[in-house]
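Shown next: work-v3.txt, containing compact mmCIF, C-alpha atoms.
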```
# COMPACT_ATOMS: atom_id res chain seq x y z
CA SER A 1191 -0.41 42.06 1.27
CA VAL A 1192 -3.22 40.93 -1.01
CA ILE A 1193 -2.70 37.33 0.17
CA ASP A 1194 -2.91 38.23 3.84
CA ALA A 1195 -5.96 40.42 3.22
CA THR A 1196 -7.71 37.57 1.37
CA LEU A 1197 -6.90 35.11 4.15
CA GLU A 1198 -8.17 37.55 6.78
CA LEU A 1199 -11.38 37.98 4.80
CA ILE A 1200 -11.87 34.22 4.72
CA LYS A 1201 -11.06 33.84 8.42
CA SER A 1202 -13.40 36.69 9.32
CA GLN A 1203 -16.34 34.40 8.61
CA GLU A 1204 -15.09 31.76 11.06
CA LYS A 1205 -16.95 31.68 14.36
CA ALA A 1206 -14.63 31.26 17.33
CA THR A 1207 -17.00 28.85 19.07
CA GLU A 1208 -18.02 26.90 15.97
CA GLY A 1209 -16.36 24.47 13.58
CA ASN A 1210 -13.30 22.33 14.16
CA GLU A 1211 -10.12 24.11 15.24
CA ARG A 1212 -7.83 21.48 13.70
CA VAL A 1213 -9.59 21.74 10.33
CA LYS A 1214 -9.42 25.55 10.49
CA GLU A 1215 -5.68 25.41 11.17
CA ILE A 1216 -4.96 23.03 8.30
CA VAL A 1217 -7.21 24.70 5.72
CA ASN A 1218 -5.89 28.18 6.49
CA ARG A 1219 -2.28 26.99 6.18
CA LEU A 1220 -2.94 25.17 2.90
CA LEU A 1221 -4.79 28.18 1.49
CA LYS A 1222 -1.90 30.46 2.42
CA ASP A 1223 0.58 28.14 0.67
CA LEU A 1224 -1.70 27.87 -2.37
CA PHE A 1225 -2.22 31.63 -2.67
CA ASN A 1226 1.52 32.20 -2.42
CA ALA A 1227 2.12 29.62 -5.15
CA MET A 1228 -0.53 31.27 -7.37
CA ALA A 1229 1.23 34.60 -6.95
CA ASP A 1230 4.80 33.34 -7.25
CA LEU A 1231 4.13 31.17 -10.30
CA ASP A 1232 1.59 33.54 -11.88
CA ILE A 1233 -0.98 30.75 -12.09
CA THR A 1234 -3.79 31.97 -14.31
CA SER A 1235 -7.52 31.71 -13.68
CA GLU A 1236 -7.78 29.39 -16.69
CA GLU A 1237 -5.17 27.07 -15.19
CA MET A 1238 -6.99 27.06 -11.86
CA TRP A 1239 -10.26 26.04 -13.52
CA ILE A 1240 -8.47 23.30 -15.43
CA VAL A 1241 -7.26 22.06 -12.05
CA CYS A 1242 -10.80 22.25 -10.69
CA ASP A 1243 -12.05 20.09 -13.57
CA TRP A 1244 -9.20 17.60 -13.01
CA LEU A 1245 -9.96 17.39 -9.28
CA THR A 1246 -13.62 16.75 -10.04
CA GLN A 1247 -12.84 14.03 -12.60
CA THR A 1248 -10.31 12.37 -10.27
CA GLY A 1249 -13.04 11.95 -7.68
CA LYS A 1250 -15.50 10.60 -10.26
CA ASN A 1251 -12.84 8.09 -11.38
CA ASN A 1252 -12.15 7.07 -7.77
CA GLU A 1253 -8.44 7.66 -8.42
CA TRP A 1254 -7.43 9.68 -5.37
CA GLY A 1255 -5.69 6.66 -3.85
CA LEU A 1256 -3.55 6.38 -7.00
CA VAL A 1257 -2.81 10.11 -6.95
CA PHE A 1258 -1.71 9.88 -3.30
CA ALA A 1259 0.66 7.08 -4.29
CA GLY A 1260 1.94 8.69 -7.48
CA LEU A 1261 2.70 12.07 -5.92
CA GLY A 1262 4.63 10.48 -3.07
CA ILE A 1263 2.09 11.52 -0.44
CA GLU A 1264 1.63 7.95 0.81
CA LYS A 1265 5.41 7.46 0.77
CA PHE A 1266 5.90 10.59 2.86
CA ILE A 1267 3.28 9.34 5.34
CA ASP A 1268 5.42 6.20 5.76
CA VAL A 1269 8.61 8.24 6.15
CA LYS A 1270 6.95 10.40 8.80
CA MET A 1271 5.65 7.32 10.66
CA ASP A 1272 9.13 5.75 10.50
CA TRP A 1273 10.55 8.91 12.08
CA GLU A 1274 7.88 8.90 14.79
CA ASP A 1275 8.67 5.24 15.55
CA GLU A 1276 12.38 6.03 15.77
CA GLN A 1277 11.70 8.85 18.23
CA ALA A 1278 9.67 6.42 20.34
CA GLY A 1279 12.47 3.83 20.33
CA ILE A 1280 10.63 1.46 18.01
CA GLU A 1281 12.74 -0.51 15.52
CA ASN A 1282 10.87 -2.12 12.65
CA LYS A 1283 12.95 -5.04 11.40
CA THR A 1284 10.47 -5.59 8.60
CA PRO A 1285 10.01 -2.17 6.99
CA ARG A 1286 6.57 -0.75 6.47
CA THR A 1287 5.63 0.42 3.02
CA ILE A 1288 2.51 1.79 1.41
CA GLU A 1289 -0.83 0.01 1.61
CA GLY A 1290 -2.16 1.41 -1.64
CA PRO A 1291 -5.88 1.84 -2.36
CA LEU A 1292 -6.86 -1.75 -3.21
CA TYR A 1293 -7.23 -3.64 0.08
CA VAL A 1294 -10.59 -5.28 0.85
CA ALA A 1295 -11.52 -6.39 4.36
CA GLY A 1296 -13.04 -9.77 5.17
CA SER A 1297 -10.88 -12.20 3.17
CA PRO A 1298 -11.50 -15.91 3.88
CA GLU A 1299 -9.35 -17.19 6.74
CA SER A 1300 -7.46 -20.46 7.11
CA VAL A 1301 -4.77 -21.76 9.45
CA GLY A 1302 -1.20 -22.18 8.25
CA TYR A 1303 -1.89 -22.48 4.52
CA ALA A 1304 -4.08 -20.88 1.86
CA GLU A 1305 -4.64 -21.05 -1.88
CA LEU A 1306 -5.23 -17.54 -3.16
CA GLU A 1307 -6.84 -18.37 -6.49
CA THR A 1308 -10.60 -18.59 -6.51
CA GLU A 1309 -10.30 -18.47 -10.29
CA VAL A 1310 -7.35 -20.32 -11.83
CA GLU A 1311 -5.08 -18.09 -13.90
CA GLU A 1312 -4.13 -20.05 -17.02
CA GLY A 1313 -0.49 -19.84 -18.11
CA ALA A 1314 0.72 -18.29 -14.87
CA GLU A 1315 3.95 -19.28 -13.14
CA ARG A 1316 3.12 -21.19 -9.97
CA LEU A 1317 4.30 -19.55 -6.74
CA TYR A 1318 4.62 -20.89 -3.21
CA MET A 1319 5.53 -18.31 -0.58
CA SER A 1320 6.15 -19.21 3.05
CA GLY A 1321 7.86 -18.05 6.18
CA TYR A 1322 7.32 -17.19 9.83
CA VAL A 1323 5.87 -14.29 11.75
CA ARG A 1324 8.34 -13.41 14.51
CA ASP A 1325 8.74 -10.88 17.30
CA GLU A 1326 11.68 -8.49 17.80
CA ASN A 1327 13.77 -11.29 19.27
CA GLY A 1328 13.08 -13.77 16.50
CA ASN A 1329 10.54 -15.83 18.45
CA PRO A 1330 7.64 -17.17 16.37
CA ILE A 1331 4.15 -15.72 16.91
CA PRO A 1332 1.46 -18.43 16.67
CA GLY A 1333 -2.01 -17.17 15.82
CA ALA A 1334 -0.86 -14.05 13.98
CA LYS A 1335 -2.97 -13.05 10.98
CA VAL A 1336 -1.24 -12.53 7.63
CA GLU A 1337 -3.54 -10.89 5.10
CA VAL A 1338 -2.30 -11.11 1.52
CA TRP A 1339 -3.58 -9.67 -1.75
CA HIS A 1340 -2.28 -9.14 -5.27
CA CYS A 1341 -3.50 -8.56 -8.83
CA ASN A 1342 -4.22 -11.02 -11.62
CA LEU A 1343 -2.24 -11.29 -14.85
CA ARG A 1344 -4.17 -8.36 -16.32
CA GLY A 1345 -3.01 -6.17 -13.45
CA LEU A 1346 -6.49 -6.03 -11.92
CA TYR A 1347 -7.67 -6.64 -8.34
CA SER A 1348 -10.83 -8.48 -7.37
CA TYR A 1349 -13.70 -6.37 -6.00
CA PHE A 1350 -12.48 -3.39 -8.06
CA ASP A 1351 -12.61 -5.64 -11.15
CA SER A 1352 -16.15 -7.04 -11.17
CA SER A 1353 -15.25 -9.81 -13.64
CA GLN A 1354 -13.28 -11.68 -10.95
CA PRO A 1355 -14.86 -13.92 -8.28
CA GLU A 1356 -15.27 -12.52 -4.79
CA PHE A 1357 -11.99 -12.40 -2.85
CA ASN A 1358 -9.99 -13.83 -5.75
CA LEU A 1359 -6.29 -13.52 -4.84
CA ARG A 1360 -7.17 -12.32 -1.33
CA ARG A 1361 -6.77 -14.49 1.76
CA ALA A 1362 -6.05 -14.25 5.48
CA ILE A 1363 -3.71 -16.89 6.93
CA ILE A 1364 -3.54 -17.53 10.67
CA THR A 1365 -0.04 -18.72 11.54
CA ASP A 1366 0.19 -22.27 12.93
CA GLU A 1367 1.60 -23.33 16.29
CA ASN A 1368 5.11 -22.66 14.97
CA GLY A 1369 4.25 -19.19 13.68
CA LYS A 1370 4.42 -20.37 10.07
CA TYR A 1371 2.35 -19.30 7.08
CA GLU A 1372 2.34 -20.54 3.48
CA PHE A 1373 0.26 -19.77 0.44
CA LYS A 1374 -0.09 -21.02 -3.11
CA SER A 1375 -0.66 -18.54 -5.92
CA PHE A 1376 1.21 -17.43 -9.03
CA VAL A 1377 3.93 -14.89 -9.72
CA PRO A 1378 2.01 -11.63 -10.23
CA VAL A 1379 2.69 -8.93 -12.77
CA GLY A 1380 3.00 -5.19 -12.41
CA TYR A 1381 0.25 -2.85 -13.50
CA SER A 1382 -0.30 0.68 -14.74
CA CYS A 1383 -2.80 3.37 -13.86
CA PRO A 1384 -5.97 3.41 -16.01
CA PRO A 1385 -4.99 4.70 -19.49
CA ASN A 1386 -6.03 8.31 -20.05
CA GLY A 1387 -7.39 8.49 -16.51
CA SER A 1388 -6.70 11.30 -14.07
CA THR A 1389 -3.51 9.78 -12.64
CA ASP A 1390 -2.16 8.81 -16.04
CA THR A 1391 -2.83 12.32 -17.33
CA LEU A 1392 -1.00 13.89 -14.39
CA MET A 1393 1.97 11.52 -14.66
CA SER A 1394 2.28 12.27 -18.39
CA LEU A 1395 2.28 16.02 -17.75
CA LEU A 1396 5.03 15.47 -15.16
CA GLY A 1397 7.07 13.45 -17.66
CA ARG A 1398 6.65 10.29 -15.58
CA HIS A 1399 5.18 6.84 -16.05
CA GLY A 1400 2.30 5.52 -13.95
CA SER A 1401 3.38 1.89 -13.55
CA ARG A 1402 4.19 -0.38 -10.64
CA PRO A 1403 6.48 -3.44 -10.53
CA ALA A 1404 5.10 -6.87 -9.65
CA HIS A 1405 4.38 -6.95 -5.93
CA ILE A 1406 2.33 -8.64 -3.21
CA HIS A 1407 0.65 -6.75 -0.35
CA PHE A 1408 0.51 -7.82 3.30
CA PHE A 1409 -0.98 -6.87 6.64
CA ALA A 1410 0.36 -8.72 9.70
CA THR A 1411 -1.58 -8.39 12.96
CA ALA A 1412 -1.48 -10.10 16.35
CA PRO A 1413 -2.73 -9.24 19.86
CA ASP A 1414 -0.38 -6.86 21.73
CA PHE A 1415 1.68 -6.22 18.57
CA ARG A 1416 1.75 -3.20 16.29
CA LYS A 1417 0.10 -3.73 12.92
CA LEU A 1418 2.58 -4.21 10.08
CA THR A 1419 1.65 -2.87 6.63
CA THR A 1420 4.10 -3.92 3.96
CA GLN A 1421 4.58 -5.51 0.55
CA ILE A 1422 7.26 -7.42 -1.31
CA ASN A 1423 8.50 -6.85 -4.84
CA ILE A 1424 9.16 -9.70 -7.23
CA GLU A 1425 12.90 -9.93 -7.79
CA GLY A 1426 13.98 -9.14 -11.36
CA ASP A 1427 11.06 -6.93 -12.35
CA PRO A 1428 12.50 -4.05 -14.45
CA LEU A 1429 10.47 -1.50 -12.47
CA THR A 1430 11.41 -2.76 -9.01
CA PHE A 1431 13.47 0.37 -8.33
CA ASP A 1432 11.42 2.62 -10.60
CA ASP A 1433 8.01 2.30 -8.93
CA PHE A 1434 5.72 5.25 -9.62
CA ALA A 1435 4.38 4.80 -6.06
CA PHE A 1436 7.88 4.88 -4.45
CA ALA A 1437 7.08 1.76 -2.39
CA THR A 1438 10.25 -0.29 -3.03
CA ARG A 1439 12.58 -0.92 -0.11
CA PRO A 1440 15.65 -3.15 -0.66
CA GLU A 1441 14.80 -5.31 2.37
CA LEU A 1442 11.46 -6.11 0.73
CA VAL A 1443 12.83 -7.69 -2.45
CA PRO A 1444 13.32 -11.34 -1.41
CA HIS A 1445 15.21 -13.81 -3.55
CA ILE A 1446 13.00 -15.95 -5.76
CA VAL A 1447 14.06 -19.54 -6.49
CA ARG A 1448 12.81 -21.53 -9.48
CA ILE A 1449 12.26 -25.25 -8.86
CA SER A 1450 12.05 -27.55 -11.87
CA ALA A 1451 9.33 -30.12 -12.38
CA GLU A 1452 11.94 -32.85 -11.84
CA ASP A 1453 12.88 -31.46 -8.40
CA ALA A 1454 9.37 -30.43 -7.31
CA ALA A 1455 8.72 -33.75 -5.53
CA LYS A 1456 11.53 -32.99 -3.09
CA TYR A 1457 9.36 -30.13 -1.82
CA GLY A 1458 6.13 -32.10 -1.82
CA LYS A 1459 4.85 -30.38 -4.98
CA ASP A 1460 3.75 -31.88 -8.28
CA GLU A 1461 4.75 -29.14 -10.72
CA ALA A 1462 7.51 -26.65 -11.44
CA PHE A 1463 7.19 -23.58 -9.24
CA ALA A 1464 8.79 -20.40 -7.97
CA LYS A 1465 9.59 -20.27 -4.27
CA ILE A 1466 9.87 -17.26 -1.96
CA GLU A 1467 10.74 -17.51 1.71
CA PHE A 1468 10.12 -14.41 3.78
CA ASP A 1469 9.69 -13.77 7.51
CA PHE A 1470 7.68 -10.92 8.98
CA ASN A 1471 9.01 -9.38 12.19
CA MET A 1472 6.45 -7.62 14.34
CA VAL A 1473 6.98 -5.16 17.18
CA LYS A 1474 5.29 -5.19 20.57
CA GLU A 1475 2.87 -2.36 21.17
CA LYS A 1476 4.21 0.37 23.44
CA ASN A 1477 2.30 2.74 25.68
CA GLN A 1478 2.20 6.34 24.44
CA ALA A 1479 3.81 5.33 21.14
CA PRO A 1480 2.51 6.88 17.90
CA ALA A 1481 -0.26 4.91 16.24
CA GLY A 1482 0.90 2.28 13.79
CA GLU A 1483 -2.51 2.15 12.11
CA ASN A 1484 -4.27 5.08 10.47
CA HIS A 1485 -7.85 3.70 10.42
CA ARG A 1486 -8.42 4.92 6.89
CA THR A 1487 -11.63 4.06 5.04
CA ARG A 1488 -11.28 0.68 3.32
CA ALA A 1489 -13.45 -1.42 1.06
CA ALA A 1490 -15.29 -4.31 2.68
```

Encoded form (structure tokens):
Amino acid sequence: SVIDATLELIKSQEKATEGNERVKEIVNRLLKDLFNAMADLDITSEEMWIVCDWLTQTGKNNEWGLVFAGLGIEKFIDVKMDWEDEQAGIENKTPRTIEGPLYVAGSPESVGYAELETEVEEGAERLYMSGYVRDENGNPIPGAKVEVWHCNLRGLYSYFDSSQPEFNLRRAIITDENGKYEFKSFVPVGYSCPPNGSTDTLMSLLGRHGSRPAHIHFFATAPDFRKLTTQINIEGDPLTFDDFAFATRPELVPHIVRISAEDAAKYGKDEAFAKIEFDFNMVKEKNQAPAGENHRTRAA
């Protein structure tokens, strides 16, 4: 066929002793699938060049992380890793879910407690979130690191939004001797992809929105344990189960309790606040188990 002949022509330039065999295998398979799609769907040359322009602009906009999320690629990576864990006999009591593209390494560390705001967000609803990091048997893990990050009330993340102070709404909490963590912040909001950007354009053409519900991201790490990548959704957000990034898992929507100013003193606080209690369960590392960390490139 024309497709096979084209693929053979491309492969004829490959040197058997040169290049990377894994890359050759993947590229040749993807090209075959693409050529078949072009033939089956009668994709025109004009449409292909429109795609080329969109791919170029997506890179210039630094939106590939959003595209991976919006097309379900990052979700499928999680599903595949869940399956690999299951085959290895690993049970994740706290589900993993997507990291997203907005993590930044090197957040300030503190033990037991952290205040996430470097810059106070006026008019925000105060939030205190706390809990324990535990192993598979429910035993606390002292000295575990809980990294937490979320957006401001404009839906923007520090580092990527240069108007915010360094590491605003980003902290790393080392659990205390009882395995406990707590942080003070505010109830975040959801956000949408940049208007008229590459992701927004694609979502519109697919008849979809490009918005996420309010959520908070976490990494949990500890020596001899598998890294946990997860996030919680804020209960009651209208998009909780309509996330364009497909990251919602029912076990990751904890109940949120509102405490009045009159009752705040009972909790040692001096203002009305929302309270979330959530424990992270980590799994011991196993020999010859699939990697729980993908070592992707991250901002720092």

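Of the residues listed (A:Leu1221, A:Leu1231, A:Leu1245, A:Ala1314), A:Leu1221 shows the shortest atom-to-atom separation from A:Ile1193; distances use only C-alpha atoms.
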
Query - Neighbour list for A:Thr1284 as a PyMOL selection string, cut-off 12 Å, all atoms listed in the file, skip fewer than 4 positions in-chain - result: chain A and resi 1272+1280+1323-1326+1328+1408-1410+1416-1422+1439-1444+1468-1473

Requested in this report: Could you check how far atom CA of A:Trp1239 sits from atom CA of A:Arg1219, in Å to one decimal?
Outcome: 21.3 Å

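The interatomic distance for the pair atom CA of A:Asn1282 and atom CA of A:Phe1415 works out to 11.7 Å.
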
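For the set A:Asp1230, A:Leu1197, A:Asn1484, A:Gly1290, the residue with the smallest atom-to-atom gap to A:Lys1214 is A:Leu1197, counting all atoms listed in the file.
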
Within 12 Å of stretch 1401-1405 of chain A, which residues of stretch 1348-1396 of chain A show up? Give each one with its shortest atom-to-atom distance in Å (one decimal) and the two atoms involved, counting all atoms listed in the file, rows by chain then rising residue number, as CSV.
```
residue,atom,partner,partner_atom,distance
A:Phe1376,CA,A:Ala1404,CA,11.3
A:Val1377,CA,A:Ala1404,CA,8.1
A:Pro1378,CA,A:Ala1404,CA,5.7
A:Val1379,CA,A:Ala1404,CA,4.4
A:Gly1380,CA,A:Ala1404,CA,3.9
A:Tyr1381,CA,A:Arg1402,CA,5.5
A:Ser1382,CA,A:Ser1401,CA,4.1
A:Cys1383,CA,A:Ser1401,CA,6.4
A:Pro1384,CA,A:Ser1401,CA,9.8
A:Pro1385,CA,A:Ser1401,CA,10.6
A:Thr1389,CA,A:Ser1401,CA,10.5
A:Asp1390,CA,A:Ser1401,CA,9.2
A:Met1393,CA,A:Ser1401,CA,9.8
A:Ser1394,CA,A:Ser1401,CA,11.5
```

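The residue that comes closest to A:Ile1424, out of A:Ile1233, A:Glu1312, A:Asp1268, A:Ala1464 and on the basis of all atoms listed in the file, is A:Ala1464.
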
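Residues within 12 Å of A:Arg1316, counting only C-alpha atoms and excluding same-chain residues fewer than 5 positions away, are Glu1305, Leu1306, Glu1307, Val1310, Glu1311, Phe1373, Lys1374, Ser1375, Phe1376, Val1377, Pro1378, Ile1446, Val1447, Arg1448, Ile1449, Ser1450, Ala1451, Ala1454, Lys1459, Asp1460, Glu1461, Ala1462, Phe1463, Ala1464, Lys1465 and Ile1466 of chain A.
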
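Proximity of A:Ile1263, A:Val1241, A:Met1271, A:Ile1216 to A:Pro1480, computed with only C-alpha atoms, is greatest for A:Met1271.
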
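Our summary of the geometry notes that atom CA of A:Gly1302 is positioned 20.4 Å from atom CA of A:Asp1414.
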
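Excluding A:Ala1437 and any residue on its chain fewer than 2 positions from it, the residues at most 7 Å away by only C-alpha atoms are Lys1265, Thr1287, Ile1288, Asp1433, Ala1435 and Arg1439 of chain A.
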
Complete stretch 1331-1342 of chain A at the level of all heavy atoms, written as a PDB file, in the coordinates of the input.
```pdb
ATOM      1  N   ILE A1331       5.417 -16.198  16.344  1.00  0.00           N
ATOM      2  CA  ILE A1331       4.150 -15.720  16.910  1.00  0.00           C
ATOM      3  C   ILE A1331       3.023 -16.599  16.370  1.00  0.00           C
ATOM      4  O   ILE A1331       2.521 -16.362  15.261  1.00  0.00           O
ATOM      5  CB  ILE A1331       3.890 -14.249  16.564  1.00  0.00           C
ATOM      6  CG1 ILE A1331       5.074 -13.375  16.955  1.00  0.00           C
ATOM      7  CG2 ILE A1331       2.617 -13.764  17.251  1.00  0.00           C
ATOM      8  CD1 ILE A1331       4.920 -11.923  16.546  1.00  0.00           C
ATOM      9  N   PRO A1332       2.614 -17.631  17.105  1.00  0.00           N
ATOM     10  CA  PRO A1332       1.460 -18.430  16.670  1.00  0.00           C
ATOM     11  C   PRO A1332       0.194 -17.583  16.711  1.00  0.00           C
ATOM     12  O   PRO A1332       0.047 -16.700  17.553  1.00  0.00           O
ATOM     13  CB  PRO A1332       1.404 -19.568  17.699  1.00  0.00           C
ATOM     14  CG  PRO A1332       2.740 -19.554  18.385  1.00  0.00           C
ATOM     15  CD  PRO A1332       3.199 -18.133  18.361  1.00  0.00           C
ATOM     16  N   GLY A1333      -0.726 -17.861  15.801  1.00  0.00           N
ATOM     17  CA  GLY A1333      -2.010 -17.170  15.820  1.00  0.00           C
ATOM     18  C   GLY A1333      -1.999 -15.773  15.242  1.00  0.00           C
ATOM     19  O   GLY A1333      -3.006 -15.061  15.322  1.00  0.00           O
ATOM     20  N   ALA A1334      -0.891 -15.351  14.666  1.00  0.00           N
ATOM     21  CA  ALA A1334      -0.860 -14.050  13.980  1.00  0.00           C
ATOM     22  C   ALA A1334      -1.656 -14.157  12.674  1.00  0.00           C
ATOM     23  O   ALA A1334      -1.752 -15.235  12.079  1.00  0.00           O
ATOM     24  CB  ALA A1334       0.571 -13.618  13.695  1.00  0.00           C
ATOM     25  N   LYS A1335      -2.227 -13.057  12.243  1.00  0.00           N
ATOM     26  CA  LYS A1335      -2.970 -13.050  10.980  1.00  0.00           C
ATOM     27  C   LYS A1335      -2.150 -12.365   9.903  1.00  0.00           C
ATOM     28  O   LYS A1335      -1.729 -11.217  10.058  1.00  0.00           O
ATOM     29  CB  LYS A1335      -4.311 -12.324  11.137  1.00  0.00           C
ATOM     30  CG  LYS A1335      -5.137 -12.311   9.838  1.00  0.00           C
ATOM     31  CD  LYS A1335      -6.350 -11.402   9.916  1.00  0.00           C
ATOM     32  CE  LYS A1335      -7.422 -11.979  10.801  1.00  0.00           C
ATOM     33  NZ  LYS A1335      -8.678 -11.166  10.685  1.00  0.00           N
ATOM     34  N   VAL A1336      -1.933 -13.084   8.796  1.00  0.00           N
ATOM     35  CA  VAL A1336      -1.240 -12.530   7.630  1.00  0.00           C
ATOM     36  C   VAL A1336      -2.267 -12.378   6.516  1.00  0.00           C
ATOM     37  O   VAL A1336      -2.743 -13.369   5.964  1.00  0.00           O
ATOM     38  CB  VAL A1336      -0.082 -13.442   7.176  1.00  0.00           C
ATOM     39  CG1 VAL A1336       0.573 -12.878   5.921  1.00  0.00           C
ATOM     40  CG2 VAL A1336       0.943 -13.617   8.286  1.00  0.00           C
ATOM     41  N   GLU A1337      -2.629 -11.151   6.206  1.00  0.00           N
ATOM     42  CA  GLU A1337      -3.540 -10.890   5.100  1.00  0.00           C
ATOM     43  C   GLU A1337      -2.712 -10.601   3.852  1.00  0.00           C
ATOM     44  O   GLU A1337      -1.751  -9.829   3.904  1.00  0.00           O
ATOM     45  CB  GLU A1337      -4.451  -9.708   5.421  1.00  0.00           C
ATOM     46  CG  GLU A1337      -5.399  -9.983   6.578  1.00  0.00           C
ATOM     47  CD  GLU A1337      -6.293  -8.795   6.891  1.00  0.00           C
ATOM     48  OE1 GLU A1337      -7.311  -8.624   6.178  1.00  0.00           O
ATOM     49  OE2 GLU A1337      -5.965  -8.054   7.829  1.00  0.00           O
ATOM     50  N   VAL A1338      -3.086 -11.218   2.754  1.00  0.00           N
ATOM     51  CA  VAL A1338      -2.300 -11.110   1.520  1.00  0.00           C
ATOM     52  C   VAL A1338      -3.232 -10.828   0.352  1.00  0.00           C
ATOM     53  O   VAL A1338      -4.339 -11.385   0.282  1.00  0.00           O
ATOM     54  CB  VAL A1338      -1.467 -12.403   1.289  1.00  0.00           C
ATOM     55  CG1 VAL A1338      -2.327 -13.654   1.355  1.00  0.00           C
ATOM     56  CG2 VAL A1338      -0.723 -12.344  -0.040  1.00  0.00           C
ATOM     57  N   TRP A1339      -2.798  -9.946  -0.547  1.00  0.00           N
ATOM     58  CA  TRP A1339      -3.580  -9.670  -1.750  1.00  0.00           C
ATOM     59  C   TRP A1339      -2.664  -9.211  -2.875  1.00  0.00           C
ATOM     60  O   TRP A1339      -1.647  -8.575  -2.659  1.00  0.00           O
ATOM     61  CB  TRP A1339      -4.691  -8.654  -1.480  1.00  0.00           C
ATOM     62  CG  TRP A1339      -4.300  -7.240  -1.173  1.00  0.00           C
ATOM     63  CD1 TRP A1339      -4.326  -6.166  -2.017  1.00  0.00           C
ATOM     64  CD2 TRP A1339      -3.874  -6.707   0.102  1.00  0.00           C
ATOM     65  NE1 TRP A1339      -3.939  -5.018  -1.374  1.00  0.00           N
ATOM     66  CE2 TRP A1339      -3.651  -5.319  -0.061  1.00  0.00           C
ATOM     67  CE3 TRP A1339      -3.644  -7.273   1.365  1.00  0.00           C
ATOM     68  CZ2 TRP A1339      -3.215  -4.488   0.977  1.00  0.00           C
ATOM     69  CZ3 TRP A1339      -3.204  -6.454   2.405  1.00  0.00           C
ATOM     70  CH2 TRP A1339      -3.007  -5.082   2.203  1.00  0.00           C
ATOM     71  N   HIS A1340      -3.008  -9.604  -4.101  1.00  0.00           N
ATOM     72  CA  HIS A1340      -2.280  -9.140  -5.270  1.00  0.00           C
ATOM     73  C   HIS A1340      -3.180  -9.189  -6.491  1.00  0.00           C
ATOM     74  O   HIS A1340      -4.312  -9.698  -6.445  1.00  0.00           O
ATOM     75  CB  HIS A1340      -0.966  -9.924  -5.481  1.00  0.00           C
ATOM     76  CG  HIS A1340      -1.107 -11.354  -5.901  1.00  0.00           C
ATOM     77  ND1 HIS A1340      -1.410 -11.732  -7.186  1.00  0.00           N
ATOM     78  CD2 HIS A1340      -0.951 -12.519  -5.195  1.00  0.00           C
ATOM     79  CE1 HIS A1340      -1.436 -13.063  -7.267  1.00  0.00           C
ATOM     80  NE2 HIS A1340      -1.168 -13.568  -6.073  1.00  0.00           N
ATOM     81  N   CYS A1341      -2.688  -8.669  -7.621  1.00  0.00           N
ATOM     82  CA  CYS A1341      -3.500  -8.560  -8.830  1.00  0.00           C
ATOM     83  C   CYS A1341      -3.408  -9.816  -9.680  1.00  0.00           C
ATOM     84  O   CYS A1341      -2.554 -10.675  -9.470  1.00  0.00           O
ATOM     85  CB  CYS A1341      -3.084  -7.336  -9.641  1.00  0.00           C
ATOM     86  SG  CYS A1341      -1.401  -7.437 -10.316  1.00  0.00           S
ATOM     87  N   ASN A1342      -4.290  -9.901 -10.676  1.00  0.00           N
ATOM     88  CA  ASN A1342      -4.220 -11.020 -11.620  1.00  0.00           C
ATOM     89  C   ASN A1342      -3.268 -10.665 -12.764  1.00  0.00           C
ATOM     90  O   ASN A1342      -2.584  -9.641 -12.727  1.00  0.00           O
ATOM     91  CB  ASN A1342      -5.626 -11.389 -12.130  1.00  0.00           C
ATOM     92  CG  ASN A1342      -6.261 -10.290 -12.974  1.00  0.00           C
ATOM     93  OD1 ASN A1342      -5.641  -9.287 -13.329  1.00  0.00           O
ATOM     94  ND2 ASN A1342      -7.531 -10.481 -13.312  1.00  0.00           N
TER      95      ASN A1342
END
```
